[in-house]
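Here is the structure we will look at.
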Amino acid sequence: MNRMSLLAAVSLGALAAQPASAQPISLRDSFNIGSGSGLLCTAQASALDEAFGDMFDRGYAITCRDAAAPVGRLYALRVRGGPEARLARLRAEQVQCPASERVELEGAGTATVLNCRWRSADVGHRAYLVRRGNTLYVAEGLAGYDSALRLGLRSIIADEPVPGEVVVATTGAGDPAAFARAQAGTLDPRRALLEAYRRNNAGAYAEAAEFFGSLDDIEENATRAEALVNQGLQSSNLGRYAEAEADFARAADLAGDDPVLRRRLRNYVALHLLNQGEVAGALAELDRPMPDARRGAAADAPVIDRLASERLNAEASGRTSMDAASGTLRPAEKIQILDAQAQQLRGTILRLQNRDEEAVPILRQAFTDLQGVRGGVVASTVWMRAQILQELAAIAEDRQQPAEAERLLRESVALLEIDYPGSAALLSAQARLAHYLARSGQTQAARDLYRTIIAANVEAGTGSSVVRRSLEPYFELLTAAAAGPDAAADLFLASQVAMRPGVAQTQAVLARELSAGSDEASRLFRQAVALTRDVERTRVEISRLQAGEQNAETVAAIASAEARLREYQQSQVATQARLADFPRYRAVTTNALPLAELQQLLRPGEAYYKMVVLGGSAYAVLATPTSARTFRLSATPVELEESVDALRATISLVEDGDILTYPFDLETAHGLYRTLFGPVASELAGVRHLVFEGDGAMLRLPPNLLVEESAGVEAYRRRAAQPNADAFDFTGIAWFGRDRDISTSVAPLAFRDVRQLAPSRAANQYLGFGENAPASGVTLASLNVRGGEGGPECSWAITAWNRPIPDDELLVASRALSGRTGGEADIVTGAAFTDSAIKQRPDLDQFRVMHFATHGLVTPPRPECPARPSLVTSFGGPDSDGLLSFREIFDLRLDADLVILSACDTAGRADFTATQEAGLTSGGDFALDGLVRAFVGAGGRLVVASHWPVPDAYEATERLISGLFTAAPGTGTASALRQSQHRLMDDPATSHPYYWAGFAVIGDGTNPVVRAAQVQTAARD
């Protein structure tokens, strides 16, 4: 998403007569429950509820992080009409309650408490009832969310959020977007639309998309068109331009000649064109003639629904005293806002084209027009005016007017602090101010403000893309020569705001599962995570069905899926509530790891190298147990991509269906070493184990093949120039990974989690799979070979099954682990090695080492097909497709210290389609998010995976992997791999990195393949 897309959506439905955070709860659509680090629970207003007796009753659904559905409800009900009886009748349908009791609640007084149990499961349900005057206040829901019930009750009684700690179980399996999806499901369409705009304006784009998406099945054309045009812009911001254009076209069909919708569509299409760099097209779109504003005059009077009436009655007796027409915007006012936004866009484009003289009057007029709507109290106009101030500040700075530039930036921040406190939009505005302070020589003030921004972002735990894009100037400050001793700690913390691969979240979930020390706790945790994925998978299924042709069969399938979804949601929240019995899961995980804590995890001789790509620059921090250093890389991200592409082109290049290898590019490998590690070469001299966290291009290349010394490069060059020289002989090269072990980390928190994990309690040592049975003698049409979306053309050719990898390395591994440290070793090959058999096998969690020596299908059969990473197996029964897919792997239950994927390119990514099919809501866009993530999700602590197709020649892969198992007991996996690589490095036939450098150790590489005798652990029950 580029700078222009921040001008995105504008809400035209609600006023902000005062900041949302200062409004009484009775006037809000939602409020947060509790205070402290991270948002755990919220209350969303309900428009309709069977508990309501009249229009003055209020109700809220309580949604909490990682819960797939509301966990409770809050009510403020008028005593007249007998609300207790209504609630008791509704409650009796689901729960059974004994006699009530009276208790004293802090901040609420005397309350009636009901301790109930679900009729359908052994799950506690609790209700609190407090009567104050003519109002009955109620909080009820799952007993595992008692702290949220109590704080929510106190808040609606006080009519303001009451500070306090919410203590609920979390799994970490969800993300902010999934939390937003659960919240959106509790709202009526109008509230969902307003909340979508509010979050969009606050910079929470992924969350806003969930609220817009909840309006997909709305029948009313205007609301549907509004949702579609916003979905189109969200898709454009993500680079999915074809999807955006399809949404815009559908919105245009629904919008007709509506002057408001047409103007919104004009603005968003202009933004869509700007996202693609089509400035001239965007200006032409802004010049497009619009329907006459008077066309909507007949509807100029606002429609007052029950909610608006309720608000107006409350406001009439409160601070605002507005007339009956002021609760909603008239079409003429909406048109004024949208036309002002168009001018804002035009002025911003002119400013970026250095046409400041033309831009200033346009921007100022847009500001005036926005401020003129209801005196500037419309929340979205506040946000837009703040952006205009930022544009005018940039122009003032260009004109050498520093005082004016700073004043405008501070005014922008002040506006957002009032209406969008704590939002990504505010943090982004603060970052622009901090950048200005840095440019104007106010270095310390800039760093202090950046620290505030990072602290707020870490506390929120949202990892906003808006904030990430604004951090490059901060990193420049922290890598300057005069940055000071605390710069490394500051940069390390700030670097964790950046997006990381989805496997980082999956490692965190695995760590939480295995931390309980109780089989019952671990079982419940895994059940909660599995149900979370079932919920997401069913949502995807429903969306797919709704997007297809509608007929009686489809309607029935949708109804069936919706019933399953409700069942999954109920089971998931019930399981989450039961998890609250285990204190370990009630603790909120931290969102970032301070440098000092990382250093405490490092052992003597270890170092952690973290790389960060931001905008047009790349940075790094190297930490040892006693020191840390930051620096800016001398190459840009584009140059790094070019270097990595050049190296990979000499390692493994597919031409006409064949994998070709060329003489390795030593010069580029040495240059990349100097870029990445040259500035800290002295610090690395004593490092025996390097934990490497790459970013950008370096997620696709293991650093062990970089070249440390130029002398070896020169020697190779002279040798290769001799007649009949072997250009593939790279013996004698000082490879970066020759004398140090290298592990791959995906995030500091993930490294902490995997380092602290207890070892597997599996009773058996080893289980190997490989040498699938060829599929000869059958036709593709007779097999259920899955290719995914796109039909038969996205299916794999049957030849993929007819080149099985021999089981030699499995036999070596089995012999090495059999009887050495107790427990059995087993291998499964040929016809027994089927996807069906693996999925049905109940004892997979009884093997501490899992080994697959088979082909990996990680890139789509054709470019237009989705990437669904899979491992080739033999064909089994009728439901077998001869593939163990990303989703199926994620569903396995392992308890493995080590998973070895001796297959092609298994360190690659999975695309969004495969990620969704597995019931995951994040990740998929990074290397390591494919099969590596799937096996971590299944229960693998450490994964050995390949960055390119594994070689068959010279038995290189067999020799390399076999060496893992023949190392001395207790040898760390990374060290065992390095020792095995030595033998291939020193053999001229296999000295090319293609043969030895492809495998990466993802996790804590100090964990051994073969345990030392004293490291035995109790077997699982």
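Chain lettering (A, B, ...) mirrors the order of the structure tokens, residue numbering begins at 1 for each chain separately, and ligand numbering begins at 1 in order of display.
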List as an MDAnalysis selection string the protein and nucleic acid residues near stretch 486-495 of chain A, meaning an atom at most 8 Å away when only C-alpha atoms are counted, but skip any in the same chain fewer than 4 places from it.
chainID A and resid 451 454 475 478:479 592:596 612 621 628:630
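With atom CA of A:Ala669 on one side and atom CA of A:Leu684 on the other, the separation reads 17.6 Å.
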Would you kindly return, as a PyMOL selection string, each protein, DNA or RNA residue with an atom no farther than 10 Å from any atom of A:Ala92, considering only C-alpha atoms and excluding same-chain residues fewer than 3 positions away?
chain A and resi 87-89+95-97+116+118-119
Residues within 9 Å of A:Glu888, only C-alpha atoms, excluding chain neighbours under 6 positions, as a ChimeraX atom specification
/A:835,839,870,918,934
Export of the given selection (N, CA, C and O atoms) as a short mmCIF file (atom, residue, chain, number, x, y, z; two decimals), in the first residue's frame:
data_model
loop_
_atom_site.label_atom_id
_atom_site.label_comp_id
_atom_site.auth_asym_id
_atom_site.auth_seq_id
_atom_site.Cartn_x
_atom_site.Cartn_y
_atom_site.Cartn_z
N ASP A 835 -1.31 -40.85 1.67
CA ASP A 835 -1.85 -39.73 2.44
C ASP A 835 -2.94 -40.20 3.39
O ASP A 835 -3.04 -39.75 4.53
N LYS A 839 -2.90 -39.77 7.59
CA LYS A 839 -3.94 -39.02 8.30
C LYS A 839 -4.68 -39.88 9.31
O LYS A 839 -5.16 -39.37 10.34
N SER A 870 2.52 -29.25 -1.01
CA SER A 870 2.14 -30.62 -0.67
C SER A 870 3.36 -31.52 -0.79
O SER A 870 4.33 -31.19 -1.47
N ALA A 918 -6.53 -23.86 5.30
CA ALA A 918 -6.10 -24.49 6.55
C ALA A 918 -6.74 -23.84 7.77
O ALA A 918 -6.48 -24.25 8.89
N ALA A 934 3.33 -25.52 8.26
CA ALA A 934 2.37 -26.60 8.47
C ALA A 934 2.89 -27.60 9.48
O ALA A 934 2.15 -28.05 10.37
#
Nearby residues (only C-alpha atoms) at most 9 Å from stretch 430-444 of chain A, same-chain spacing under 3 positions excluded, as a list in words
Gln390, Glu397, Pro402, Ala405, Glu406, Leu409, Arg410, Ser412, Val413, Ala425, Leu426, Leu427, Arg447, Asp448, Leu449, Tyr450, Ile453, Val467, Ser470, Leu471, Pro473, Tyr474 and Leu477 of chain A
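From atom CA of A:Leu690 back to atom CA of A:Asp741, the distance works out to 6.2 Å.
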Rank nothing, just name the residue among A:Arg578, A:Arg868, A:Arg385, A:Arg28 nearest to A:His125, using only C-alpha atoms.
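Distance minimum relative to A:His125 lands on A:Arg578.
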Using Å and a single decimal, report how far atom CA of A:Asn591 sits from atom CA of A:Leu149.
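Taking atom CA of A:Leu149 and atom CA of A:Asn591, their separation equals 25.2 Å.
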With stretch 937-950 of chain A as the partner and 12 Å as the cut-off, tabulate the residues of stretch 716-748 of chain A that qualify, each row holding the nearest pair of atoms and their distance in Å to one decimal, using only C-alpha atoms, sorted by chain and rising number, as CSV.
residue,atom,partner,partner_atom,distance
A:Ile742,CA,A:Val944,CA,11.8
A:Ser743,CA,A:Val944,CA,9.8
A:Thr744,CA,A:Val943,CA,9.8
A:Ser745,CA,A:Leu942,CA,10.5
Excluding stretch 276-293 of chain A and its own-chain neighbours fewer than 4 positions away, which residues fall within 12 Å of it when counting only C-alpha atoms? Please give them as a VMD selection string.
chain A and resid 1 to 5 236 to 242 244 255 to 272 297 to 300 330 to 336 338 to 350 352 to 353
